[in-house]
2 protein chains.
Amino acid sequence: MAPWHTVDGGDPSVGTLRKMRWGPKTIRDGVLERSFHVESSDRDVPGLLWSPLEATGPRPLVLVGHGASGSKRESYVLALGTELARRRGFAVAAIDGPVHGDRRSDGGSVPGLVLLEFSQLWAGDPDMTDRMLADWTATLDALQDLDEVGPGPVGFWGLSMGTILGLPFVAADPRIEVAVLGLMGLTGPSRERIALDAPRVRCPVLFFLQWDDELFDRPSAAALFGLLGATDKRLHAHPGRHGQVPDEAFVASAAFLARYLAGGVG
Amino acid sequence: MAPWHTVDGGDPSVGTLRKMRWGPKTIRDGVLERSFHVESSDRDVPGLLWSPLEATGPRPLVLVGHGASGSKRESYVLALGTELARRRGFAVAAIDGPVHGDRRSDGGSVPGLVLLEFSQLWAGDPDMTDRMLADWTATLDALQDLDEVGPGPVGFWGLSMGTILGLPFVAADPRIEVAVLGLMGLTGPSRERIALDAPRVRCPVLFFLQWDDELFDRPSAAALFGLLGATDKRLHAHPGRHGQVPDEAFVASAAFLARYLAGGVG
């Protein structure tokens with residue numbers, strides 16, 4: 001495994017991502033967890049990669065986008081990463097969102113402050129989505145150059161902010177063959193962008209909705225699901241507020257991703 | 001196995017169901033399929049029972065209600081029955097709905113005529129729901145007296161007319177521990193009854209909705225899901241019209257029923 005990795009291309013206007021640098025690694029729940037950074041001229045994208053111990057050769061890769069105020073170390077991110085690596089043999093990677101996690105000097109230790117800053121960025125910086133799209137693209141480019149990932153099929157999982165910033169990536173990158181999205185609606189500062197990109201999402205989608213979501217109302221979430229361009233899509237709704245996604249949704253997520261990606265296990 | 005079975009009770013105003021009579025049996029997809037009739041003073045309820053070959057002792061029982069114009073021999077009813085019996089070891093039973101299947105002299109050979117007559121009955125006979133509830137209750141009573149069914153846990157599966165006539169049964173009978181419902185909304189002639197019974201459904205529910213349902217519009221279906229009294233409930237929506245329920249829904253149905261009932265396999 002090369003400690004440095006060169007990524008070509010990228011849109012200079014949003015920063016050209018060039019290099020991958022490895023940080024500490026550890027064993028978590030029986031799988032290898034490696035910290036990495038994808039570097040560009042103007043920013044550093046911190047990520048985590050989970051893969052089976054002793055993995056060699058190509059395998060499915062799932063990219064996981066966390067929700068607002070969280071990070072790549074959220075408990076559900078860790079659970080998805082270790083579950084899919086251990087039980088399915090997949091590689092799974094997560095990166096911190098803008099102003100989240102290790103993109104901050106405080107590491108995101110005050111979630112309320114992170115949420116505040118993200119909300120301001122969402123409302124005030126129309127380039128935020130494109131920068132995150134470039135970060136996801138560069139991360140995927142870099143990971144696919146690893147022997148233990150390679151050109152295997154790619155899935156995306158991201159709810160709430162994971163959809164706000166991930167749906168445009170799923171819409172733009174034809175390498176993504178399956179996506180889990182949701183907990184978001186056709187609302188908020190980037191709703192016009194989301195409305196443009198949703199019909200471009202053509203891969204199979206599992207979309208989650210919280211029935212009593214206090215942040216994204218049911219009609220706006222249903223409207224977003226309706227707009228998705230995928231013909232192979234389904235919506236799973238569960239009772240409860242925005243943060244009360246049940247375990248069942250994570251079980252369904254893993255099964256859904258595996259159903260579409262497992263044919264590609266090397 | 002006794003050829004006759006005596007069922008106590010029942011509401012005389014809707015006919016007291018008293019006896020169970022066995023008809024032909026066969027092997028279908030590796031499971032035993034037995035035809036039966038539950039008899040009452042004024043009607044005869046035709047049913048089918050699927051169970052593992054050589055089954056003895058109590059086991060979970062799933063009752064399946066078919067949709068309007070169909071019968072207990074609908075392909076999806078047969079598939080659920082044989083699948084749950086073969087793979088899970090469950091017993092599964094289905095009965096013909098009012099003016100459906102073998103309740104008719106023509107056996108239901110003209111689906112359009114069956115649908116017409118059912119629609120008229122739904123609109124014109126306020127006792128239809130209670131009669132079917134009595135039929136389901138008597139069927140369950142009779143089946144639980146069989147050695148190979150016994151007092152095991154009970155699940156219910158019924159979409160569309162299966163919900164119209166099955167939801168009141170699920171609401172009324174505490175033996176039912178899990179239900180799959182849907183493809184129906186707070187609309188139609190029995191909507192007031194459904195609205196009264198829905199909050200009384202307390203067992204875990206999986207509810208299906210077809211996104212482009214031309215018979216039950218999305219808001220009315222969502223309203224019915226919202227009214228269900230179960231705290232453990234989820235809605236799965238799939239694209240397509242009323243009749244286009246995908247295979248995925250049947251796979252999810254079997255897994256959901258098994259998840260709640262499998263602990264009771266004797």
# chains A, B, ... in the order shown; residues from 1 in each chain; ligands from 1

$ interface_residues --of "chain A" --to "chain B" --cutoff "8 Å" --atoms "only C-alpha atoms" --output "short mmCIF file (atom, residue, chain, number, x, y, z; two decimals) with N, CA and C atoms, in the first residue's frame"
data_model
loop_
_atom_site.label_atom_id
_atom_site.label_comp_id
_atom_site.auth_asym_id
_atom_site.auth_seq_id
_atom_site.Cartn_x
_atom_site.Cartn_y
_atom_site.Cartn_z
N THR A 231 -35.94 4.35 -11.35
CA THR A 231 -37.19 3.59 -11.43
C THR A 231 -37.21 2.52 -10.34
N ASP A 232 -36.04 2.09 -9.94
CA ASP A 232 -35.92 1.08 -8.87
C ASP A 232 -35.66 1.83 -7.57
N LYS A 233 -36.73 2.21 -6.90
CA LYS A 233 -36.59 2.95 -5.65
C LYS A 233 -37.69 2.52 -4.70
N ARG A 234 -37.45 2.73 -3.43
CA ARG A 234 -38.46 2.43 -2.40
C ARG A 234 -38.25 3.39 -1.25
N LEU A 235 -39.37 3.70 -0.57
CA LEU A 235 -39.33 4.59 0.59
C LEU A 235 -39.73 3.78 1.83
N HIS A 236 -38.92 3.84 2.86
CA HIS A 236 -39.26 3.22 4.13
C HIS A 236 -39.47 4.33 5.16
N ALA A 237 -40.67 4.35 5.74
CA ALA A 237 -40.99 5.37 6.74
C ALA A 237 -41.13 4.72 8.10
N HIS A 238 -40.57 5.39 9.10
CA HIS A 238 -40.65 4.90 10.47
C HIS A 238 -41.17 6.01 11.38
N PRO A 239 -41.92 5.64 12.40
CA PRO A 239 -42.40 6.66 13.34
C PRO A 239 -41.22 7.31 14.05
#

$ atom_distance --atom1 "atom CA of B:Arg21" --atom2 "atom CA of B:Pro46"
9.4 Å

$ select_by_dssp --residues "stretch 15-130 of chain B" --states "strand (DSSP E)" --output "number ranges by chain"
B: 17-28, 31-40, 44-52, 61-65, 91-95

$ write_last_selection --atoms "N, CA and C atoms" --output "tab-separated table (two decimals), in the first residue's frame"
chain	number	residue	atom	x	y	z
B	17	LEU	N	-70.40	-19.78	13.22
B	17	LEU	CA	-69.61	-20.76	12.48
B	17	LEU	C	-69.32	-21.93	13.41
B	18	ARG	N	-69.55	-23.12	12.90
B	18	ARG	CA	-69.53	-24.25	13.81
B	18	ARG	C	-68.58	-25.38	13.45
B	19	LYS	N	-68.40	-25.66	12.17
B	19	LYS	CA	-67.72	-26.90	11.82
B	19	LYS	C	-66.62	-26.68	10.80
B	20	MET	N	-65.63	-27.56	10.85
B	20	MET	CA	-64.56	-27.54	9.86
B	20	MET	C	-64.59	-28.87	9.11
B	21	ARG	N	-64.58	-28.78	7.80
B	21	ARG	CA	-64.65	-29.96	6.95
B	21	ARG	C	-63.44	-29.94	6.01
B	22	TRP	N	-62.79	-31.07	5.88
B	22	TRP	CA	-61.60	-31.13	5.02
B	22	TRP	C	-61.97	-31.53	3.60
B	23	GLY	N	-61.32	-30.89	2.64
B	23	GLY	CA	-61.48	-31.25	1.25
B	23	GLY	C	-60.21	-31.92	0.73
B	24	PRO	N	-59.98	-31.85	-0.57
B	24	PRO	CA	-58.80	-32.50	-1.15
B	24	PRO	C	-57.49	-31.93	-0.60
B	25	LYS	N	-56.47	-32.76	-0.56
B	25	LYS	CA	-55.14	-32.28	-0.21
B	25	LYS	C	-54.17	-32.64	-1.31
B	26	THR	N	-53.07	-31.89	-1.35
B	26	THR	CA	-52.06	-32.12	-2.38
B	26	THR	C	-50.72	-31.66	-1.84
B	27	ILE	N	-49.67	-31.95	-2.58
B	27	ILE	CA	-48.34	-31.42	-2.25
B	27	ILE	C	-48.06	-30.29	-3.24
B	28	ARG	N	-47.76	-29.11	-2.73
B	28	ARG	CA	-47.42	-27.98	-3.60
B	28	ARG	C	-46.06	-27.42	-3.15
B	31	VAL	N	-44.73	-28.59	0.18
B	31	VAL	CA	-45.49	-28.47	1.43
B	31	VAL	C	-46.88	-29.08	1.22
B	32	LEU	N	-47.51	-29.40	2.33
B	32	LEU	CA	-48.85	-29.98	2.29
B	32	LEU	C	-49.88	-28.86	2.12
B	33	GLU	N	-50.74	-28.98	1.10
B	33	GLU	CA	-51.82	-28.01	0.90
B	33	GLU	C	-53.14	-28.75	1.09
B	34	ARG	N	-53.93	-28.28	2.05
B	34	ARG	CA	-55.21	-28.92	2.32
B	34	ARG	C	-56.34	-27.91	2.14
B	35	SER	N	-57.34	-28.35	1.42
B	35	SER	CA	-58.55	-27.54	1.27
B	35	SER	C	-59.45	-27.79	2.48
B	36	PHE	N	-60.07	-26.74	2.99
B	36	PHE	CA	-61.01	-26.91	4.10
B	36	PHE	C	-62.20	-25.98	3.94
B	37	HIS	N	-63.25	-26.28	4.68
B	37	HIS	CA	-64.40	-25.40	4.75
B	37	HIS	C	-64.76	-25.22	6.21
B	38	VAL	N	-64.99	-23.98	6.61
B	38	VAL	CA	-65.57	-23.71	7.92
B	38	VAL	C	-67.05	-23.43	7.67
B	39	GLU	N	-67.90	-24.24	8.32
B	39	GLU	CA	-69.34	-24.15	8.03
B	39	GLU	C	-70.07	-23.39	9.12
B	40	SER	N	-71.07	-22.66	8.71
B	40	SER	CA	-71.95	-21.99	9.66
B	40	SER	C	-73.39	-22.24	9.24
B	44	ASP	N	-70.70	-20.96	4.09
B	44	ASP	CA	-69.62	-21.92	4.06
B	44	ASP	C	-68.37	-21.16	3.64
B	45	VAL	N	-67.34	-21.20	4.49
B	45	VAL	CA	-66.13	-20.41	4.24
B	45	VAL	C	-65.05	-21.33	3.70
B	46	PRO	N	-64.68	-21.18	2.41
B	46	PRO	CA	-63.68	-22.08	1.82
B	46	PRO	C	-62.27	-21.56	2.07
B	47	GLY	N	-61.40	-22.48	2.47
B	47	GLY	CA	-60.03	-22.08	2.76
B	47	GLY	C	-59.00	-23.08	2.31
B	48	LEU	N	-57.75	-22.66	2.36
B	48	LEU	CA	-56.61	-23.54	2.08
B	48	LEU	C	-55.64	-23.41	3.24
B	49	LEU	N	-55.02	-24.53	3.60
B	49	LEU	CA	-54.02	-24.54	4.67
B	49	LEU	C	-52.74	-25.15	4.13
B	50	TRP	N	-51.64	-24.43	4.32
B	50	TRP	CA	-50.33	-24.95	3.95
B	50	TRP	C	-49.54	-25.23	5.22
B	51	SER	N	-48.87	-26.35	5.25
B	51	SER	CA	-48.05	-26.67	6.42
B	51	SER	C	-46.92	-27.59	5.96
B	52	PRO	N	-45.84	-27.65	6.75
B	52	PRO	CA	-44.74	-28.54	6.36
B	52	PRO	C	-45.23	-29.98	6.30
B	61	LEU	N	-48.78	-19.40	12.92
B	61	LEU	CA	-49.80	-19.46	11.87
B	61	LEU	C	-49.93	-18.07	11.26
B	62	VAL	N	-49.90	-18.02	9.95
B	62	VAL	CA	-50.13	-16.76	9.24
B	62	VAL	C	-51.43	-16.89	8.45
B	63	LEU	N	-52.33	-15.93	8.66
B	63	LEU	CA	-53.60	-15.88	7.92
B	63	LEU	C	-53.44	-14.86	6.80
B	64	VAL	N	-53.83	-15.27	5.59
B	64	VAL	CA	-53.60	-14.43	4.41
B	64	VAL	C	-54.94	-14.04	3.79
B	65	GLY	N	-55.17	-12.74	3.66
B	65	GLY	CA	-56.37	-12.24	3.00
B	65	GLY	C	-56.02	-11.74	1.60
B	91	ALA	N	-47.41	-22.66	9.64
B	91	ALA	CA	-48.67	-22.97	8.98
B	91	ALA	C	-49.21	-21.66	8.40
B	92	VAL	N	-49.85	-21.75	7.25
B	92	VAL	CA	-50.41	-20.56	6.59
B	92	VAL	C	-51.79	-20.94	6.07
B	93	ALA	N	-52.77	-20.06	6.28
B	93	ALA	CA	-54.11	-20.34	5.78
B	93	ALA	C	-54.68	-19.11	5.08
B	94	ALA	N	-55.47	-19.37	4.07
B	94	ALA	CA	-56.18	-18.29	3.36
B	94	ALA	C	-57.64	-18.70	3.19
B	95	ILE	N	-58.55	-17.75	3.28
B	95	ILE	CA	-59.96	-18.02	2.99
B	95	ILE	C	-60.43	-17.06	1.90

$ atom_distance --atom1 "atom CA of A:Asp213" --atom2 "atom CA of A:Leu183"
7.8 Å

$ atom_distance --atom1 "atom CA of B:Leu224" --atom2 "atom CA of B:Arg191"
9.5 Å

$ closest_residue --among "B:Ser105, B:Thr56, B:Ser220, B:Thr187" --to "B:Phe90" --atoms "only C-alpha atoms"
B:Thr56

$ residues_around --residues "B:Ala254" --least-positions-apart "6" --cutoff "12 Å" --atoms "only C-alpha atoms" --output "list in words"
Val62, Val64, Tyr76, Val77, Ala79, Leu80, Gly81, Thr82, Glu83, Leu84, Ala85, Arg86, Arg87, Arg88, Phe90, Val92, Gly155, Phe156, Trp157, Val178, Ala179, Val180, Leu206, Asp247, Glu248, Tyr260, Leu261 and Ala262 of chain B

$ select_by_dssp --residues "stretch 4-249 of chain B" --states "helix (DSSP H, G or I)" --output "ChimeraX atom specification"
/B:12-14,75-88,101-103,111-124,128-144,161-164,167-172,191-200,218-227,247-249

$ residues_around --residues "A:Leu227" --least-positions-apart "5" --cutoff "8 Å" --atoms "only C-alpha atoms" --output "MDAnalysis selection string"
chainID A and resid 195 198:199

$ residues_around --residues "B:Gly108" --least-positions-apart "5" --cutoff "9 Å" --atoms "only C-alpha atoms" --output "mmCIF file with C-alpha atoms, in the first residue's frame"
data_model
loop_
_atom_site.group_PDB
_atom_site.id
_atom_site.type_symbol
_atom_site.label_atom_id
_atom_site.label_comp_id
_atom_site.auth_asym_id
_atom_site.auth_seq_id
_atom_site.Cartn_x
_atom_site.Cartn_y
_atom_site.Cartn_z
ATOM 1 C CA SER B 69 -61.397 -10.039 -7.624
ATOM 2 C CA GLY B 70 -58.841 -12.678 -6.586
ATOM 3 C CA SER B 71 -59.099 -15.715 -4.351
ATOM 4 C CA VAL B 99 -68.479 -13.126 -3.126
ATOM 5 C CA HIS B 100 -65.015 -14.390 -4.057
ATOM 6 C CA GLY B 101 -63.508 -17.725 -5.128
ATOM 7 C CA ASP B 102 -65.292 -20.829 -4.022
ATOM 8 C CA ARG B 103 -67.995 -18.828 -2.273
ATOM 9 C CA LEU B 113 -67.868 -9.576 -12.264
ATOM 10 C CA VAL B 114 -66.412 -10.446 -8.848
#

$ closest_residue --among "B:Ala255, B:Leu146, B:Ala123, B:Val110" --to "B:Arg59" --atoms "only C-alpha atoms"
B:Leu146

$ decode --residues "stretch 84-209 of chain A" --atoms "C-alpha atoms" --output "JSON list (two decimals), in the first residue's frame"
[["chain", "number", "residue", "atom", "x", "y", "z"],
["A", 84, "LEU", "CA", -20.25, -4.29, 5.95],
["A", 85, "ALA", "CA", -16.52, -5.02, 6.15],
["A", 86, "ARG", "CA", -16.82, -7.94, 8.55],
["A", 87, "ARG", "CA", -20.00, -9.63, 7.32],
["A", 88, "ARG", "CA", -19.89, -8.74, 3.63],
["A", 89, "GLY", "CA", -16.20, -8.28, 2.95],
["A", 90, "PHE", "CA", -16.79, -4.76, 1.61],
["A", 91, "ALA", "CA", -14.61, -1.68, 1.97],
["A", 92, "VAL", "CA", -16.38, 1.28, 3.58],
["A", 93, "ALA", "CA", -15.19, 4.87, 3.84],
["A", 94, "ALA", "CA", -16.50, 8.00, 5.50],
["A", 95, "ILE", "CA", -15.25, 11.59, 5.29],
["A", 96, "ASP", "CA", -16.05, 14.53, 7.53],
["A", 97, "GLY", "CA", -18.51, 17.03, 6.07],
["A", 98, "PRO", "CA", -17.69, 20.74, 5.76],
["A", 99, "VAL", "CA", -16.97, 22.41, 9.12],
["A", 100, "HIS", "CA", -17.38, 18.97, 10.74],
["A", 101, "GLY", "CA", -15.14, 16.55, 12.63],
["A", 102, "ASP", "CA", -11.44, 16.75, 11.96],
["A", 103, "ARG", "CA", -11.91, 19.59, 9.50],
["A", 104, "ARG", "CA", -12.18, 21.70, 12.66],
["A", 105, "SER", "CA", -9.44, 22.61, 15.10],
["A", 106, "ASP", "CA", -11.77, 21.61, 17.97],
["A", 107, "GLY", "CA", -12.60, 18.26, 16.32],
["A", 108, "GLY", "CA", -16.31, 19.05, 16.50],
["A", 109, "SER", "CA", -16.48, 18.69, 20.25],
["A", 110, "VAL", "CA", -19.43, 21.10, 20.51],
["A", 111, "PRO", "CA", -22.18, 19.70, 18.23],
["A", 112, "GLY", "CA", -24.40, 22.76, 18.63],
["A", 113, "LEU", "CA", -21.63, 25.01, 17.36],
["A", 114, "VAL", "CA", -20.99, 22.69, 14.41],
["A", 115, "LEU", "CA", -24.68, 22.72, 13.53],
["A", 116, "LEU", "CA", -24.78, 26.49, 13.72],
["A", 117, "GLU", "CA", -21.77, 26.88, 11.46],
["A", 118, "PHE", "CA", -23.04, 24.31, 9.00],
["A", 119, "SER", "CA", -26.42, 26.01, 8.84],
["A", 120, "GLN", "CA", -24.76, 29.32, 8.10],
["A", 121, "LEU", "CA", -22.57, 27.75, 5.42],
["A", 122, "TRP", "CA", -25.58, 26.01, 3.86],
["A", 123, "ALA", "CA", -27.46, 29.31, 3.73],
["A", 124, "GLY", "CA", -24.58, 31.51, 2.69],
["A", 125, "ASP", "CA", -22.14, 29.58, 0.51],
["A", 126, "PRO", "CA", -23.57, 28.32, -2.78],
["A", 127, "ASP", "CA", -20.29, 26.48, -3.52],
["A", 128, "MET", "CA", -20.50, 24.22, -0.46],
["A", 129, "THR", "CA", -22.24, 21.44, -2.37],
["A", 130, "ASP", "CA", -19.73, 21.49, -5.23],
["A", 131, "ARG", "CA", -16.78, 21.47, -2.85],
["A", 132, "MET", "CA", -18.16, 18.43, -1.03],
["A", 133, "LEU", "CA", -18.89, 16.78, -4.37],
["A", 134, "ALA", "CA", -15.23, 17.35, -5.32],
["A", 135, "ASP", "CA", -14.15, 15.92, -1.96],
["A", 136, "TRP", "CA", -16.26, 12.80, -2.47],
["A", 137, "THR", "CA", -15.00, 12.41, -6.02],
["A", 138, "ALA", "CA", -11.36, 12.74, -5.02],
["A", 139, "THR", "CA", -11.88, 10.33, -2.13],
["A", 140, "LEU", "CA", -13.45, 7.78, -4.45],
["A", 141, "ASP", "CA", -10.67, 8.24, -7.03],
["A", 142, "ALA", "CA", -8.05, 7.68, -4.37],
["A", 143, "LEU", "CA", -9.72, 4.68, -2.77],
["A", 144, "GLN", "CA", -10.28, 2.94, -6.09],
["A", 145, "ASP", "CA", -6.54, 3.08, -6.69],
["A", 146, "LEU", "CA", -6.00, 0.85, -3.67],
["A", 147, "ASP", "CA", -5.44, -2.81, -4.47],
["A", 148, "GLU", "CA", -7.96, -3.86, -1.81],
["A", 149, "VAL", "CA", -10.71, -1.62, -3.27],
["A", 150, "GLY", "CA", -10.05, -1.36, -6.99],
["A", 151, "PRO", "CA", -12.76, -0.90, -9.59],
["A", 152, "GLY", "CA", -15.41, -2.78, -7.61],
["A", 153, "PRO", "CA", -18.98, -1.48, -7.54],
["A", 154, "VAL", "CA", -19.67, 1.57, -5.39],
["A", 155, "GLY", "CA", -22.58, 2.35, -3.08],
["A", 156, "PHE", "CA", -23.43, 5.53, -1.21],
["A", 157, "TRP", "CA", -25.17, 5.88, 2.17],
["A", 158, "GLY", "CA", -26.10, 9.26, 3.62],
["A", 159, "LEU", "CA", -29.12, 10.60, 5.49],
["A", 160, "SER", "CA", -30.03, 14.20, 6.33],
["A", 161, "MET", "CA", -26.82, 16.21, 5.67],
["A", 162, "GLY", "CA", -25.53, 13.01, 4.13],
["A", 163, "THR", "CA", -28.25, 13.44, 1.50],
["A", 164, "ILE", "CA", -27.98, 17.23, 1.23],
["A", 165, "LEU", "CA", -24.33, 16.85, 0.27],
["A", 166, "GLY", "CA", -24.42, 13.30, -1.08],
["A", 167, "LEU", "CA", -27.38, 13.31, -3.46],
["A", 168, "PRO", "CA", -25.56, 15.65, -5.88],
["A", 169, "PHE", "CA", -22.59, 13.25, -5.79],
["A", 170, "VAL", "CA", -24.81, 10.24, -6.49],
["A", 171, "ALA", "CA", -26.43, 12.19, -9.33],
["A", 172, "ALA", "CA", -23.07, 13.17, -10.82],
["A", 173, "ASP", "CA", -20.91, 10.07, -10.50],
["A", 174, "PRO", "CA", -21.85, 7.11, -12.68],
["A", 175, "ARG", "CA", -19.62, 4.83, -10.61],
["A", 176, "ILE", "CA", -22.25, 4.83, -7.85],
["A", 177, "GLU", "CA", -24.52, 1.86, -8.48],
["A", 178, "VAL", "CA", -26.78, 2.01, -5.43],
["A", 179, "ALA", "CA", -27.66, 4.62, -2.81],
["A", 180, "VAL", "CA", -29.37, 4.95, 0.54],
["A", 181, "LEU", "CA", -30.71, 8.48, 1.03],
["A", 182, "GLY", "CA", -33.38, 10.28, 3.03],
["A", 183, "LEU", "CA", -34.29, 12.25, 6.14],
["A", 184, "MET", "CA", -34.33, 15.26, 3.85],
["A", 185, "GLY", "CA", -36.85, 17.04, 1.69],
["A", 186, "LEU", "CA", -37.20, 19.56, -1.08],
["A", 187, "THR", "CA", -36.53, 22.37, 1.33],
["A", 188, "GLY", "CA", -33.68, 24.43, 2.72],
["A", 189, "PRO", "CA", -31.13, 26.69, 1.05],
["A", 190, "SER", "CA", -29.99, 24.14, -1.56],
["A", 191, "ARG", "CA", -33.47, 22.97, -2.55],
["A", 192, "GLU", "CA", -33.11, 24.22, -6.13],
["A", 193, "ARG", "CA", -29.87, 22.30, -6.56],
["A", 194, "ILE", "CA", -31.43, 19.19, -5.01],
["A", 195, "ALA", "CA", -34.47, 19.52, -7.27],
["A", 196, "LEU", "CA", -32.17, 19.65, -10.30],
["A", 197, "ASP", "CA", -30.06, 16.71, -9.23],
["A", 198, "ALA", "CA", -32.78, 14.36, -7.92],
["A", 199, "PRO", "CA", -34.04, 13.36, -11.38],
["A", 200, "ARG", "CA", -30.43, 12.54, -12.31],
["A", 201, "VAL", "CA", -30.23, 9.90, -9.61],
["A", 202, "ARG", "CA", -30.71, 6.78, -11.71],
["A", 203, "CYS", "CA", -29.25, 4.02, -9.55],
["A", 204, "PRO", "CA", -31.45, 1.95, -7.20],
["A", 205, "VAL", "CA", -32.34, 3.95, -4.10],
["A", 206, "LEU", "CA", -33.60, 3.15, -0.63],
["A", 207, "PHE", "CA", -35.03, 6.36, 0.84],
["A", 208, "PHE", "CA", -35.79, 6.81, 4.54],
["A", 209, "LEU", "CA", -38.37, 9.13, 6.04]]
